[in-house]
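Participant: So that you have it, the file is start_20.cif, and it contains mmCIF, C-alpha atoms:
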data_protein
#
loop_
_atom_site.label_atom_id
_atom_site.label_comp_id
_atom_site.auth_asym_id
_atom_site.auth_seq_id
_atom_site.Cartn_x
_atom_site.Cartn_y
_atom_site.Cartn_z
CA MET G 27 64.09 -41.56 29.08
CA MET G 28 61.93 -39.51 31.40
CA ASN G 29 58.30 -39.07 30.62
CA SER G 30 55.93 -36.34 31.70
CA THR G 31 55.02 -38.26 34.85
CA SER G 32 58.65 -38.35 35.90
CA CYS G 33 58.84 -34.64 35.19
CA ARG G 34 55.89 -33.88 37.43
CA LEU G 35 57.45 -35.91 40.24
CA LEU G 36 60.62 -33.90 39.96
CA LEU G 37 58.67 -30.64 40.12
CA LEU G 38 56.85 -31.79 43.25
CA LEU G 39 60.16 -32.42 44.90
CA ALA G 40 61.56 -29.09 43.80
CA ILE G 41 58.74 -26.85 45.09
CA PRO G 42 59.34 -27.39 48.84
CA ALA G 43 62.97 -26.58 48.38
CA GLY G 44 62.01 -23.28 46.81
CA LEU G 45 59.53 -22.47 49.60
CA VAL G 46 62.15 -22.94 52.31
CA GLY G 47 64.13 -20.02 50.97
CA CYS G 48 60.96 -17.96 50.17
CA GLN G 49 62.31 -17.64 46.66
CA PRO G 50 60.90 -19.08 43.47
CA PRO G 51 63.11 -21.74 42.00
CA ALA G 52 65.55 -19.88 39.84
CA ALA G 53 66.50 -20.93 36.35
CA PRO G 54 70.12 -21.94 36.16
CA PRO G 55 72.24 -19.42 34.33
CA PRO G 56 72.64 -20.38 30.71
CA ALA G 57 75.89 -22.11 30.14
CA ALA G 58 78.20 -20.42 27.71
CA ALA G 59 78.49 -22.26 24.46
CA PRO G 60 81.96 -23.47 23.60
CA ALA G 61 83.53 -20.93 21.32
CA ASP G 62 83.84 -23.45 18.53
CA SER G 63 80.30 -24.82 18.78
CA PRO G 64 78.26 -24.53 15.60
CA VAL G 65 75.29 -23.58 17.77
CA THR G 66 76.49 -19.97 17.64
CA LYS G 67 76.63 -19.93 13.86
CA LEU G 68 73.94 -22.20 12.44
CA GLY G 69 70.28 -21.39 12.02
CA SER G 70 68.71 -17.98 12.17
CA ILE G 71 67.67 -18.21 15.82
CA GLU G 72 69.69 -19.23 18.86
CA VAL G 73 68.15 -19.81 22.26
CA THR G 74 68.85 -21.36 25.60
CA ALA G 75 65.72 -23.21 26.60
CA ARG G 76 64.42 -25.75 29.07
CA LEU G 77 62.67 -28.86 27.79
CA VAL G 78 59.31 -28.70 29.53
CA GLU G 79 58.22 -32.29 29.05
CA VAL G 80 58.38 -35.32 26.82
CA PRO G 81 54.81 -36.43 26.12
CA GLU G 82 54.08 -40.13 26.25
CA GLY G 83 55.02 -41.67 22.92
CA ALA G 84 56.83 -38.62 21.61
CA ILE G 85 60.24 -40.24 21.67
CA PHE G 86 60.66 -43.88 20.75
CA ARG G 87 63.45 -45.91 19.32
CA ARG G 88 62.64 -47.06 15.83
CA GLU G 89 65.38 -47.39 13.29
CA LEU G 90 63.11 -48.17 10.37
CA TYR G 91 61.25 -44.89 10.27
CA ASP G 92 63.28 -41.75 10.70
CA TYR G 93 61.13 -39.08 12.21
CA ALA G 94 61.12 -35.73 13.97
CA THR G 95 59.24 -35.21 17.18
CA ILE G 96 57.82 -31.93 18.41
CA LEU G 97 59.02 -30.96 21.88
CA LYS G 98 57.96 -28.04 24.06
CA PHE G 99 60.67 -25.71 25.32
CA GLU G 100 60.59 -22.71 27.63
CA VAL G 101 62.97 -20.09 26.30
CA LEU G 102 65.29 -18.77 29.00
CA THR G 103 67.55 -16.63 26.87
CA THR G 104 67.57 -15.63 23.24
CA GLN G 105 71.07 -15.24 21.85
CA ARG G 106 70.23 -14.55 18.22
CA GLY G 107 67.12 -13.84 16.23
CA GLU G 108 63.65 -13.86 17.68
CA THR G 109 61.02 -16.37 18.70
CA HIS G 110 57.33 -15.64 18.50
CA ALA G 111 56.79 -16.50 22.16
CA SER G 112 58.59 -17.66 25.29
CA THR G 113 57.34 -21.18 24.74
CA VAL G 114 58.45 -22.74 21.49
CA TYR G 115 57.70 -26.09 19.89
CA VAL G 116 60.76 -27.56 18.28
CA GLY G 117 61.19 -30.48 15.91
CA GLN G 118 64.09 -32.73 16.89
CA TYR G 119 65.13 -35.30 14.30
CA ASN G 120 65.42 -38.90 15.47
CA PRO G 121 65.20 -37.72 19.07
CA PHE G 122 66.16 -41.04 20.63
CA LYS G 123 69.71 -40.62 19.32
CA PRO G 124 72.48 -38.46 20.76
CA ARG G 125 72.40 -35.25 18.75
CA ASP G 126 75.79 -35.90 17.19
CA GLN G 127 74.41 -39.15 15.75
CA ALA G 128 71.05 -37.88 14.54
CA ALA G 129 72.06 -36.62 11.10
CA ASP G 130 71.92 -38.91 8.10
CA ARG G 131 72.19 -38.56 4.34
CA HIS G 132 68.61 -37.33 4.08
CA VAL G 133 68.89 -34.86 6.94
CA PRO G 134 72.46 -33.62 7.02
CA GLY G 135 73.85 -30.70 8.94
CA ILE G 136 72.14 -31.21 12.28
CA GLY G 137 73.92 -32.16 15.47
CA GLY G 138 75.03 -31.02 18.90
CA ASN G 139 76.64 -32.38 22.00
CA ALA G 140 73.42 -33.20 23.85
CA ARG G 141 73.40 -36.91 24.61
CA SER G 142 69.66 -37.06 25.22
CA LEU G 143 66.53 -34.93 25.38
CA ALA G 144 65.19 -35.06 28.91
CA PRO G 145 62.48 -33.07 30.66
CA GLY G 146 63.79 -30.27 32.83
CA ARG G 147 67.17 -30.17 31.13
CA VAL G 148 68.43 -26.99 29.52
CA TYR G 149 69.72 -26.87 25.96
CA ARG G 150 71.27 -24.30 23.75
CA MET G 151 69.77 -24.63 20.32
CA ALA G 152 70.26 -23.16 16.89
CA LEU G 153 66.83 -23.08 15.24
CA GLU G 154 65.11 -22.41 11.96
CA SER G 155 61.45 -21.71 11.30
CA PRO G 156 59.06 -22.75 9.94
CA LEU G 157 59.90 -26.41 10.30
CA ASP G 158 58.31 -27.41 6.98
CA ASP G 159 60.83 -25.28 5.12
CA HIS G 160 63.68 -27.30 6.56
CA PHE G 161 62.39 -30.85 7.02
CA MET G 162 60.16 -33.09 4.96
CA GLY G 163 59.44 -36.38 6.66
CA GLY G 164 57.50 -38.09 9.37
CA ILE G 165 56.65 -35.89 12.31
CA VAL G 166 55.28 -37.02 15.66
CA ASN G 167 53.36 -34.07 17.05
CA LYS G 168 51.65 -34.75 20.35
CA TYR G 169 50.64 -31.09 20.46
CA PHE G 170 48.51 -31.28 17.34
CA GLY G 171 45.40 -29.14 17.70
CA GLN G 172 46.97 -26.93 20.36
CA ASP G 173 48.02 -23.36 19.79
CA THR G 174 51.70 -23.97 19.22
CA GLY G 175 52.44 -21.12 16.87
CA PRO G 176 55.01 -21.81 14.20
CA LEU G 177 57.03 -24.97 14.64
CA TYR G 178 60.81 -24.64 14.85
CA TRP G 179 63.50 -26.94 13.52
CA ALA G 180 66.45 -27.84 15.69
CA VAL G 181 69.63 -27.48 13.67
CA TRP G 182 72.05 -27.79 16.55
CA THR G 183 71.41 -28.80 20.16
CA ASP G 184 74.03 -28.52 22.86
CA ALA G 185 73.54 -29.41 26.49
CA ALA G 186 73.54 -26.22 28.56
CA ASP G 187 73.21 -27.23 32.18
CA MET Y 30 57.59 -61.33 -16.80
CA ARG Y 31 60.03 -59.36 -18.85
CA ASN Y 32 62.55 -56.72 -18.06
CA ILE Y 33 61.56 -53.54 -19.87
CA THR Y 34 64.50 -51.35 -18.90
CA ARG Y 35 67.43 -53.66 -19.59
CA THR Y 36 70.00 -51.47 -17.85
CA PRO Y 37 72.29 -53.79 -15.88
CA GLU Y 38 74.37 -50.86 -14.64
CA SER Y 39 71.38 -49.26 -12.94
CA SER Y 40 68.55 -50.02 -10.58
CA GLU Y 41 65.10 -48.78 -11.51
CA HIS Y 42 62.23 -48.42 -9.09
CA SER Y 43 58.97 -46.67 -8.21
CA PRO Y 44 57.25 -47.22 -11.58
CA GLN Y 45 53.98 -45.55 -12.44
CA PHE Y 46 51.96 -45.89 -15.61
CA SER Y 47 50.09 -42.83 -16.82
CA ARG Y 48 46.36 -43.29 -16.42
CA ASP Y 49 45.92 -43.57 -20.18
CA GLY Y 50 48.36 -46.47 -20.20
CA LEU Y 51 50.66 -44.91 -22.75
CA ARG Y 52 53.50 -43.62 -20.63
CA LEU Y 53 55.66 -44.85 -17.79
CA LEU Y 54 57.71 -42.99 -15.23
CA TYR Y 55 60.23 -44.48 -12.84
CA ARG Y 56 63.44 -43.54 -11.07
CA ARG Y 57 66.89 -44.74 -12.00
CA MET Y 58 69.89 -44.87 -9.69
CA PRO Y 59 73.31 -46.49 -9.66
CA ARG Y 60 73.13 -50.19 -9.08
CA GLY Y 61 75.10 -50.10 -5.85
CA GLU Y 62 72.75 -47.69 -4.13
CA THR Y 63 70.27 -49.16 -1.67
CA LEU Y 64 66.63 -48.23 -1.84
CA ASP Y 65 65.24 -46.45 1.18
CA ASN Y 66 61.62 -47.27 1.88
CA ASN Y 67 60.91 -43.74 3.06
CA HIS Y 68 62.83 -41.85 0.41
CA HIS Y 69 62.62 -43.90 -2.77
CA GLY Y 70 60.68 -41.17 -4.51
CA THR Y 71 63.65 -38.87 -4.09
CA GLN Y 72 66.40 -41.30 -4.97
CA GLY Y 73 68.07 -41.33 -8.35
CA ALA Y 74 66.78 -39.50 -11.41
CA LEU Y 75 63.30 -39.43 -12.89
CA VAL Y 76 62.94 -41.25 -16.23
CA LEU Y 77 59.98 -40.97 -18.58
CA ALA Y 78 59.37 -43.65 -21.18
CA ASN Y 79 56.71 -45.25 -23.26
CA SER Y 80 54.71 -47.79 -21.33
CA ASP Y 81 56.59 -50.68 -22.94
CA GLY Y 82 59.84 -49.18 -21.66
CA SER Y 83 60.93 -47.85 -25.02
CA ALA Y 84 62.39 -44.37 -25.56
CA PRO Y 85 63.45 -43.77 -21.95
CA GLN Y 86 64.56 -40.22 -21.28
CA ALA Y 87 65.99 -38.82 -18.09
CA PHE Y 88 63.85 -35.96 -16.86
CA GLY Y 89 66.27 -33.97 -14.74
CA GLY Y 90 69.15 -35.09 -12.60
CA GLU Y 91 69.68 -36.97 -9.36
CA GLY Y 92 67.23 -35.95 -6.67
CA GLU Y 93 65.14 -33.75 -8.95
CA TYR Y 94 61.42 -33.98 -9.72
CA THR Y 95 60.79 -36.02 -6.59
CA TRP Y 96 57.71 -38.13 -5.87
CA ALA Y 97 56.45 -37.56 -9.41
CA SER Y 98 52.97 -38.59 -10.50
CA TRP Y 99 51.24 -38.40 -13.87
CA SER Y 100 48.36 -36.16 -14.75
CA PRO Y 101 45.37 -38.04 -16.18
CA ASP Y 102 46.39 -37.28 -19.77
CA GLY Y 103 50.08 -37.90 -19.22
CA LYS Y 104 51.00 -34.39 -20.32
CA GLN Y 105 51.95 -33.12 -16.87
CA ILE Y 106 53.53 -34.48 -13.74
CA ALA Y 107 53.00 -33.37 -10.16
CA CYS Y 108 56.10 -33.45 -7.98
CA LEU Y 109 56.43 -33.21 -4.21
CA SER Y 110 59.44 -31.62 -2.59
CA ILE Y 111 60.17 -29.66 0.56
CA LYS Y 112 59.35 -26.51 -1.39
CA GLY Y 113 55.84 -27.65 -2.21
CA ILE Y 114 53.89 -29.41 -4.93
CA SER Y 115 54.83 -28.43 -8.46
CA PHE Y 116 52.86 -29.17 -11.59
CA LEU Y 117 55.11 -29.42 -14.63
CA ASP Y 118 54.38 -29.54 -18.32
CA VAL Y 119 56.31 -32.56 -19.58
CA ALA Y 120 56.97 -31.19 -23.06
CA THR Y 121 58.43 -27.87 -21.93
CA ARG Y 122 59.58 -28.88 -18.44
CA GLN Y 123 58.09 -25.64 -17.19
CA VAL Y 124 56.37 -25.36 -13.84
CA VAL Y 125 52.74 -24.61 -14.63
CA ARG Y 126 51.69 -23.89 -11.05
CA LYS Y 127 52.53 -24.66 -7.45
CA LEU Y 128 50.75 -25.53 -4.22
CA GLU Y 129 51.88 -25.62 -0.62
CA ARG Y 130 52.53 -29.18 0.41
CA LYS Y 131 50.43 -28.92 3.62
CA GLY Y 132 52.43 -31.56 5.42
CA PHE Y 133 52.52 -34.05 2.54
CA PHE Y 134 55.91 -35.72 2.55
CA GLN Y 135 55.72 -38.99 0.62
CA GLN Y 136 54.06 -40.93 -2.15
CA LEU Y 137 52.13 -38.22 -3.96
CA THR Y 138 49.59 -39.59 -6.43
CA TRP Y 139 47.43 -37.60 -8.83
CA SER Y 140 43.86 -38.80 -9.17
CA PRO Y 141 42.52 -40.23 -12.43
CA ASP Y 142 40.11 -37.29 -12.80
CA GLY Y 143 42.89 -34.81 -12.14
CA ARG Y 144 41.01 -33.11 -9.31
CA GLY Y 145 42.79 -34.61 -6.34
CA LEU Y 146 46.15 -35.62 -4.97
CA CYS Y 147 46.71 -38.18 -2.26
CA GLY Y 148 49.82 -38.84 -0.27
CA VAL Y 149 51.33 -39.49 3.12
CA ALA Y 150 51.13 -36.45 5.38
CA ASN Y 151 52.18 -35.45 8.86
CA SER Y 152 49.86 -32.53 9.38
CA PHE Y 153 46.85 -34.25 10.84
CA GLY Y 154 47.93 -34.96 14.37
CA ALA Y 155 49.74 -38.13 13.65
CA SER Y 156 52.55 -39.01 11.39
CA TRP Y 157 52.02 -41.20 8.38
CA SER Y 158 48.44 -40.19 7.79
CA ILE Y 159 46.85 -40.61 4.39
CA ALA Y 160 45.55 -37.31 3.12
CA ARG Y 161 43.76 -35.95 0.11
CA MET Y 162 44.41 -32.55 -1.42
CA ASN Y 163 42.17 -30.66 -3.80
CA ALA Y 164 44.45 -30.22 -6.80
CA ASP Y 165 42.84 -26.89 -7.67
CA THR Y 166 42.59 -25.17 -4.31
CA GLY Y 167 45.23 -26.97 -2.26
CA GLU Y 168 42.75 -27.73 0.49
CA ALA Y 169 43.89 -30.86 2.34
CA THR Y 170 41.95 -33.30 4.49
CA ALA Y 171 42.87 -36.51 6.24
CA VAL Y 172 41.61 -39.77 4.78
CA ASN Y 173 42.98 -42.05 7.53
CA ARG Y 174 45.35 -41.28 10.39
CA ILE Y 175 48.33 -42.97 12.03
CA ASP Y 176 50.66 -45.56 10.55
CA CYS Y 177 49.39 -45.45 6.98
CA CYS Y 178 51.27 -45.43 3.69
CA THR Y 179 51.27 -46.26 -0.04
CA PRO Y 180 47.98 -44.62 -0.99
CA ASP Y 181 46.56 -44.71 -4.48
CA TRP Y 182 43.29 -43.86 -6.13
CA PHE Y 183 40.47 -46.02 -7.30
CA PRO Y 184 39.62 -45.28 -10.92
CA ASP Y 185 36.49 -43.37 -9.83
CA SER Y 186 38.71 -40.84 -8.01
CA GLN Y 187 36.26 -41.04 -5.11
CA ASN Y 188 38.03 -43.74 -3.14
CA VAL Y 189 41.56 -44.43 -2.01
CA ILE Y 190 43.38 -47.67 -1.32
CA PHE Y 191 46.15 -47.61 1.23
CA SER Y 192 48.11 -49.61 3.79
CA TRP Y 193 47.37 -49.22 7.48
CA ARG Y 194 48.55 -50.88 10.66
CA PRO Y 195 45.60 -50.46 13.01
CA ARG Y 196 46.38 -50.20 16.70
CA GLY Y 197 45.19 -52.87 19.09
CA GLN Y 198 46.13 -55.93 17.12
CA SER Y 199 47.26 -58.88 19.21
CA VAL Y 200 49.21 -60.56 16.43
CA ASN Y 201 52.91 -60.02 15.75
CA ASN Y 202 53.61 -59.65 19.47
CA GLY Y 203 51.01 -56.94 19.78
CA TYR Y 204 52.63 -54.79 17.12
CA GLY Y 205 50.21 -55.95 14.47
CA TRP Y 206 50.57 -56.28 10.72
CA THR Y 207 50.06 -53.62 8.12
CA GLN Y 208 46.88 -54.32 6.17
CA LEU Y 209 45.34 -53.18 2.91
CA TRP Y 210 42.36 -50.87 3.38
CA ARG Y 211 40.11 -48.67 1.30
CA ALA Y 212 38.33 -45.45 2.22
CA ASP Y 213 36.32 -42.76 0.53
CA ALA Y 214 38.47 -39.78 -0.27
CA GLU Y 215 36.59 -37.65 2.25
CA GLY Y 216 37.73 -40.00 5.00
CA LYS Y 217 34.23 -40.73 6.18
CA SER Y 218 34.25 -44.50 5.87
CA ARG Y 219 36.81 -47.24 5.49
CA SER Y 220 36.89 -51.00 5.14
CA LEU Y 221 39.44 -53.78 5.13
CA VAL Y 222 40.51 -55.20 1.79
CA TYR Y 223 43.20 -57.72 2.73
CA ALA Y 224 45.03 -58.74 5.89
CA GLU Y 225 47.52 -61.47 6.49
CA ASP Y 226 48.92 -62.83 9.74
CA GLY Y 227 52.59 -63.01 8.86
CA ARG Y 228 53.36 -60.09 6.60
CA HIS Y 229 52.86 -56.39 6.16
CA VAL Y 230 50.88 -55.57 3.04
CA TYR Y 231 51.83 -52.57 0.96
CA GLY Y 232 51.58 -51.00 -2.44
CA GLY Y 233 47.91 -51.55 -3.21
CA HIS Y 234 47.12 -50.61 -6.79
CA VAL Y 235 43.62 -50.95 -8.21
CA SER Y 236 43.05 -52.10 -11.78
CA PRO Y 237 41.72 -49.51 -14.23
CA ASP Y 238 38.32 -51.21 -14.21
CA GLY Y 239 38.19 -51.11 -10.41
CA LYS Y 240 37.66 -54.84 -10.07
CA TYR Y 241 41.06 -56.07 -8.91
CA VAL Y 242 43.85 -54.97 -6.66
CA LEU Y 243 47.54 -55.72 -6.87
CA PHE Y 244 49.72 -55.52 -3.78
CA THR Y 245 52.88 -56.74 -2.17
CA GLY Y 246 54.28 -57.05 1.32
CA ASN Y 247 56.51 -59.13 3.50
CA MET Y 248 57.51 -59.87 7.06
CA GLN Y 249 59.85 -56.91 7.21
CA GLU Y 250 57.98 -53.70 7.72
CA ASP Y 251 60.10 -51.83 5.21
CA GLY Y 252 58.82 -53.89 2.28
CA ASP Y 253 62.30 -55.26 1.73
CA PRO Y 254 63.33 -52.66 -0.84
CA GLY Y 255 66.98 -53.58 -0.48
CA ARG Y 256 66.30 -56.78 -2.34
CA ALA Y 257 63.67 -57.56 -4.91
CA GLY Y 258 60.66 -57.01 -2.71
CA ALA Y 259 58.22 -59.73 -1.77
CA PRO Y 260 55.67 -61.91 -3.50
CA MET Y 261 52.94 -59.81 -5.03
CA GLY Y 262 49.29 -60.78 -4.79
CA LEU Y 263 46.27 -60.18 -6.93
CA MET Y 264 42.71 -60.39 -5.72
CA ARG Y 265 39.20 -59.44 -6.74
CA LEU Y 266 37.84 -56.50 -4.83
CA ALA Y 267 34.46 -58.20 -4.89
CA ASP Y 268 35.95 -60.82 -2.58
CA ALA Y 269 37.12 -58.27 -0.01
CA PRO Y 270 37.72 -58.40 2.84
CA ILE Y 271 40.02 -61.38 2.65
CA LEU Y 272 42.21 -62.89 5.34
CA GLY Y 273 45.33 -64.37 3.80
CA GLY Y 274 47.90 -66.82 5.06
CA ASP Y 275 46.91 -68.69 8.21
CA PRO Y 276 43.70 -66.89 9.12
CA SER Y 277 43.07 -68.56 12.48
CA ARG Y 278 44.25 -65.81 14.78
CA LEU Y 279 42.91 -62.95 12.68
CA LYS Y 280 39.60 -64.73 12.30
CA ALA Y 281 39.37 -65.06 16.06
CA GLU Y 282 39.63 -61.28 16.29
CA HIS Y 283 37.51 -60.56 13.24
CA PRO Y 284 35.01 -63.39 12.79
CA GLN Y 285 33.20 -61.42 10.13
CA TYR Y 286 36.16 -61.67 7.77
CA ARG Y 287 36.84 -64.69 5.62
CA THR Y 288 39.49 -66.31 3.53
CA GLY Y 289 39.40 -65.95 -0.22
CA PRO Y 290 41.27 -66.43 -3.45
CA VAL Y 291 44.52 -64.54 -3.92
CA LEU Y 292 46.73 -65.15 -6.93
CA ALA Y 293 50.37 -65.26 -5.83
CA LEU Y 294 52.67 -63.45 -8.22
CA PRO Y 295 56.45 -63.12 -8.46
CA VAL Y 296 58.32 -60.83 -6.12
CA GLY Y 297 57.93 -57.13 -6.67
CA TRP Y 298 57.98 -53.82 -4.85
CA GLU Y 299 55.56 -50.90 -5.20
CA PRO Y 300 53.71 -52.52 -8.10
CA CYS Y 301 51.66 -50.60 -10.63
CA TRP Y 302 49.57 -51.77 -13.52
CA THR Y 303 47.68 -50.49 -16.46
CA ARG Y 304 44.97 -51.85 -18.70
CA HIS Y 305 44.50 -55.60 -18.71
CA GLU Y 306 42.35 -58.43 -19.92
CA PHE Y 307 42.06 -61.65 -18.05
CA ARG Y 308 41.32 -64.70 -20.11
CA SER Y 309 39.43 -67.53 -18.50
CA ALA Y 310 39.03 -71.08 -19.74
CA SER Y 311 35.45 -70.28 -20.65
CA GLU Y 312 36.48 -67.31 -22.76
CA PRO Y 313 39.23 -68.48 -25.10
CA GLY Y 314 40.41 -66.05 -27.67
CA LYS Y 315 40.90 -63.08 -25.43
CA GLU Y 316 44.50 -62.07 -25.13
CA ALA Y 317 46.07 -60.82 -21.96
CA THR Y 318 47.91 -57.56 -22.33
CA ARG Y 319 50.37 -55.72 -20.13
#
In structure tokens, how does this file's structure come out?

Facilitator:
Amino acid sequence: MMNSTSCRLLLLLAIPAGLVGCQPPAAPPPAAAPADSPVTKLGSIEVTARLVEVPEGAIFRRELYDYATILKFEVLTTQRGETHASTVYVGQYNPFKPRDQAADRHVPGIGGNARSLAPGRVYRMALESPLDDHFMGGIVNKYFGQDTGPLYWAVWTDAAD
Amino acid sequence: MRNITRTPESSEHSPQFSRDGLRLLYRRMPRGETLDNNHHGTQGALVLANSDGSAPQAFGGEGEYTWASWSPDGKQIACLSIKGISFLDVATRQVVRKLERKGFFQQLTWSPDGRGLCGVANSFGASWSIARMNADTGEATAVNRIDCCTPDWFPDSQNVIFSWRPRGQSVNNGYGWTQLWRADAEGKSRSLVYAEDGRHVYGGHVSPDGKYVLFTGNMQEDGDPGRAGAPMGLMRLADAPILGGDPSRLKAEHPQYRTGPVLALPVGWEPCWTRHEFRSASEPGKEATR
């Protein structure tokens, strides 16, 4: 798992490459979702977004306590619905698990083909909001006290880069 | 001990006496189902009975009326679900009023004076915080943050007992053990009640006279709900804080704490009690009840 420090190191390496071409580093084009992916059908919002960072302690492996963690995403493209801002804070359930193994009997219906949640990676997500209307359980929110706007709930998360 | 439900085809759990000691609520589920330490208040169906277990009546179906807690007079229950906190009249089963749940997600408990609710909440910057909600206005405040659970009220409705695993413990390979703590409901002060090097302590429940506390706990952090629980303990709050088990390592960290008397009781899980009388050798003639 990459932490925010690893993310910053990657950014430092990426900036010189962008300067050489006198162009800002471009976002990769959003990958098309497989036609049969539930990401195009579930939730009321569908976005392609880059995971900005994983704060220290936001994702940890702990089987005993199922939890959702709040992660910060930069929205690159909105396929369906509307987000309140270009930066969204999304609850991912049991984030240490591959998305297709995250659901359980208490939180059914979530999934995706993303194997992990890593800073800098791009995901296509089906979302709901507000989170509290869709999940009742432990939440790790390292952004508490910040102006996050409404929290979103990740219903489906596919890798998109 | 005696079995008051006598239903071999079912498992019953999460009992709670009404504050007046007359009624009992618990949840009933098929015997083969395993209790989940984080969801037991939603498992099975709610049953209301007399406090001796007689006249049990299912109150709704599977997964309904979750995390139920008695009103002080036993005429209403407060229930916590993803849709909010509902107050129901027991006789009519009608929802009297509702509140937003404000991040509460487990173990809702209505205060003895009816003016507050406490529970486990995730809306105070850290998951598994203990929080208090004004039962009239819905205003919620944190009592204690991070890695807390199983809160309940003192009979004065001004203080809360709860389990907490403080950070920075060296024991248990640095992970620490969950301990029994108390705090004022405003969250302004807190103090240790009981800690033990060797098991997590849960389910603190204060006697109606405020003099004793009943608890349980074991080496497994989940309280071992899949089996019968762990040995319960009973101690005098006047003796708090107490270090149980082998106190040597905890005492090295907290020299101000001391060992003390704890009555070991049979195994149990999420214990609850109602009125009592303890009879001592110097006071023959008094009869213990319930």

Participant: Distance cut-off 10 Å, counting all atoms listed in the file - which residues of chain G neighbour chain Y? Return them as a ChimeraX atom specification.

Facilitator: /G:90-95,132,158-171

Participant: The PyMOL selection byres ((chain G and resi 76) around 8) - which residues does that actually catch in the file I just gave you? List them as a list in words.

Facilitator: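 So the PyMOL selection byres ((chain G and resi 76) around 8), applied here, picks out Thr74, Ala75, Leu77, Val78, Phe99, Glu100, Val101, Leu102, Pro145, Gly146, Arg147, Val148 and Tyr149 of chain G.
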
Participant: Hey, can you check how far atom CA of Met261 of chain Y sits from atom CA of Ser98 of chain Y?

Facilitator: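 The value is 21.9 Å.
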
Participant: Just the number, please: distance in Å from atom CA of Pro276 of chain Y to atom CA of Pro237 of chain Y, one decimal.

Facilitator: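 Atom CA of Pro276 of chain Y sits 29.2 Å away from atom CA of Pro237 of chain Y.
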
Participant: Please evaluate the PyMOL selection byres ((chain Y and resi 183) around 10) against the structure above and give the resulting residues as a CSV table (one decimal) with C-alpha atoms, in the frame of the given file.

Facilitator:
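Listed below is the output, out06.csv:
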chain,number,residue,atom,x,y,z
Y,140,SER,CA,43.9,-38.8,-9.2
Y,141,PRO,CA,42.5,-40.2,-12.4
Y,180,PRO,CA,48.0,-44.6,-1.0
Y,181,ASP,CA,46.6,-44.7,-4.5
Y,182,TRP,CA,43.3,-43.9,-6.1
Y,184,PRO,CA,39.6,-45.3,-10.9
Y,185,ASP,CA,36.5,-43.4,-9.8
Y,186,SER,CA,38.7,-40.8,-8.0
Y,187,GLN,CA,36.3,-41.0,-5.1
Y,188,ASN,CA,38.0,-43.7,-3.1
Y,189,VAL,CA,41.6,-44.4,-2.0
Y,190,ILE,CA,43.4,-47.7,-1.3
Y,211,ARG,CA,40.1,-48.7,1.3
Y,212,ALA,CA,38.3,-45.4,2.2
Y,213,ASP,CA,36.3,-42.8,0.5
Y,214,ALA,CA,38.5,-39.8,-0.3
Y,234,HIS,CA,47.1,-50.6,-6.8
Y,235,VAL,CA,43.6,-51.0,-8.2
Y,236,SER,CA,43.0,-52.1,-11.8
Y,237,PRO,CA,41.7,-49.5,-14.2
Y,238,ASP,CA,38.3,-51.2,-14.2
Y,239,GLY,CA,38.2,-51.1,-10.4
Y,240,LYS,CA,37.7,-54.8,-10.1
Y,242,VAL,CA,43.8,-55.0,-6.7

Participant: I want to know what sits within 10 Å of Ala269 of chain Y, based on all atoms listed in the file, with residues of the same chain fewer than 6 positions away left out; could you give that as a PyMOL selection string?

Facilitator: chain Y and resi 210+220-224+241+286-290

Participant: Which residues match the PyMOL selection byres ((chain Y and resi 47) around 9) in the file above, as a list in words?

Facilitator: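 So the PyMOL selection byres ((chain Y and resi 47) around 9) ends up selecting Gln45, Phe46, Arg48, Asp49, Gly50, Leu51, Arg52, Leu53, Leu54, Ser80, Ser98, Trp99, Ser100, Pro101, Asp102, Gly103 and Thr303 of chain Y.
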
Participant: Can you tell me which residues surround Asp130 of chain G at a distance of at most 12 Å, considering all atoms listed in the file, apart from same-chain residues fewer than 6 positions away, and format the answer as an MDAnalysis selection string?

Facilitator: chainID G and resid 89 92:93 119:120 123 136:137

Participant: Applying 7 Å and only C-alpha atoms, which residues near segment 105-117 of chain G remain after dropping the ones on its own chain fewer than 4 positions away? List them as an mmCIF file with C-alpha atoms, keeping the file's coordinate frame.

Facilitator:
data_model
loop_
_atom_site.group_PDB
_atom_site.id
_atom_site.type_symbol
_atom_site.label_atom_id
_atom_site.label_comp_id
_atom_site.auth_asym_id
_atom_site.auth_seq_id
_atom_site.Cartn_x
_atom_site.Cartn_y
_atom_site.Cartn_z
ATOM 1 C CA SER G 70 68.710 -17.980 12.170
ATOM 2 C CA ILE G 71 67.670 -18.210 15.820
ATOM 3 C CA GLU G 72 69.690 -19.230 18.860
ATOM 4 C CA VAL G 73 68.150 -19.810 22.260
ATOM 5 C CA ALA G 94 61.120 -35.730 13.970
ATOM 6 C CA THR G 95 59.240 -35.210 17.180
ATOM 7 C CA ILE G 96 57.820 -31.930 18.410
ATOM 8 C CA LEU G 97 59.020 -30.960 21.880
ATOM 9 C CA LYS G 98 57.960 -28.040 24.060
ATOM 10 C CA PHE G 99 60.670 -25.710 25.320
ATOM 11 C CA GLU G 100 60.590 -22.710 27.630
ATOM 12 C CA VAL G 101 62.970 -20.090 26.300
ATOM 13 C CA THR G 174 51.700 -23.970 19.220
ATOM 14 C CA LEU G 177 57.030 -24.970 14.640
ATOM 15 C CA TYR G 178 60.810 -24.640 14.850
ATOM 16 C CA TRP G 179 63.500 -26.940 13.520
ATOM 17 C CA ALA G 180 66.450 -27.840 15.690
#

Participant: What does the structure give for the distance between atom CA of Gly82 of chain Y and atom CA of Thr95 of chain Y, in Å to one decimal?

Facilitator: 20.0 Å
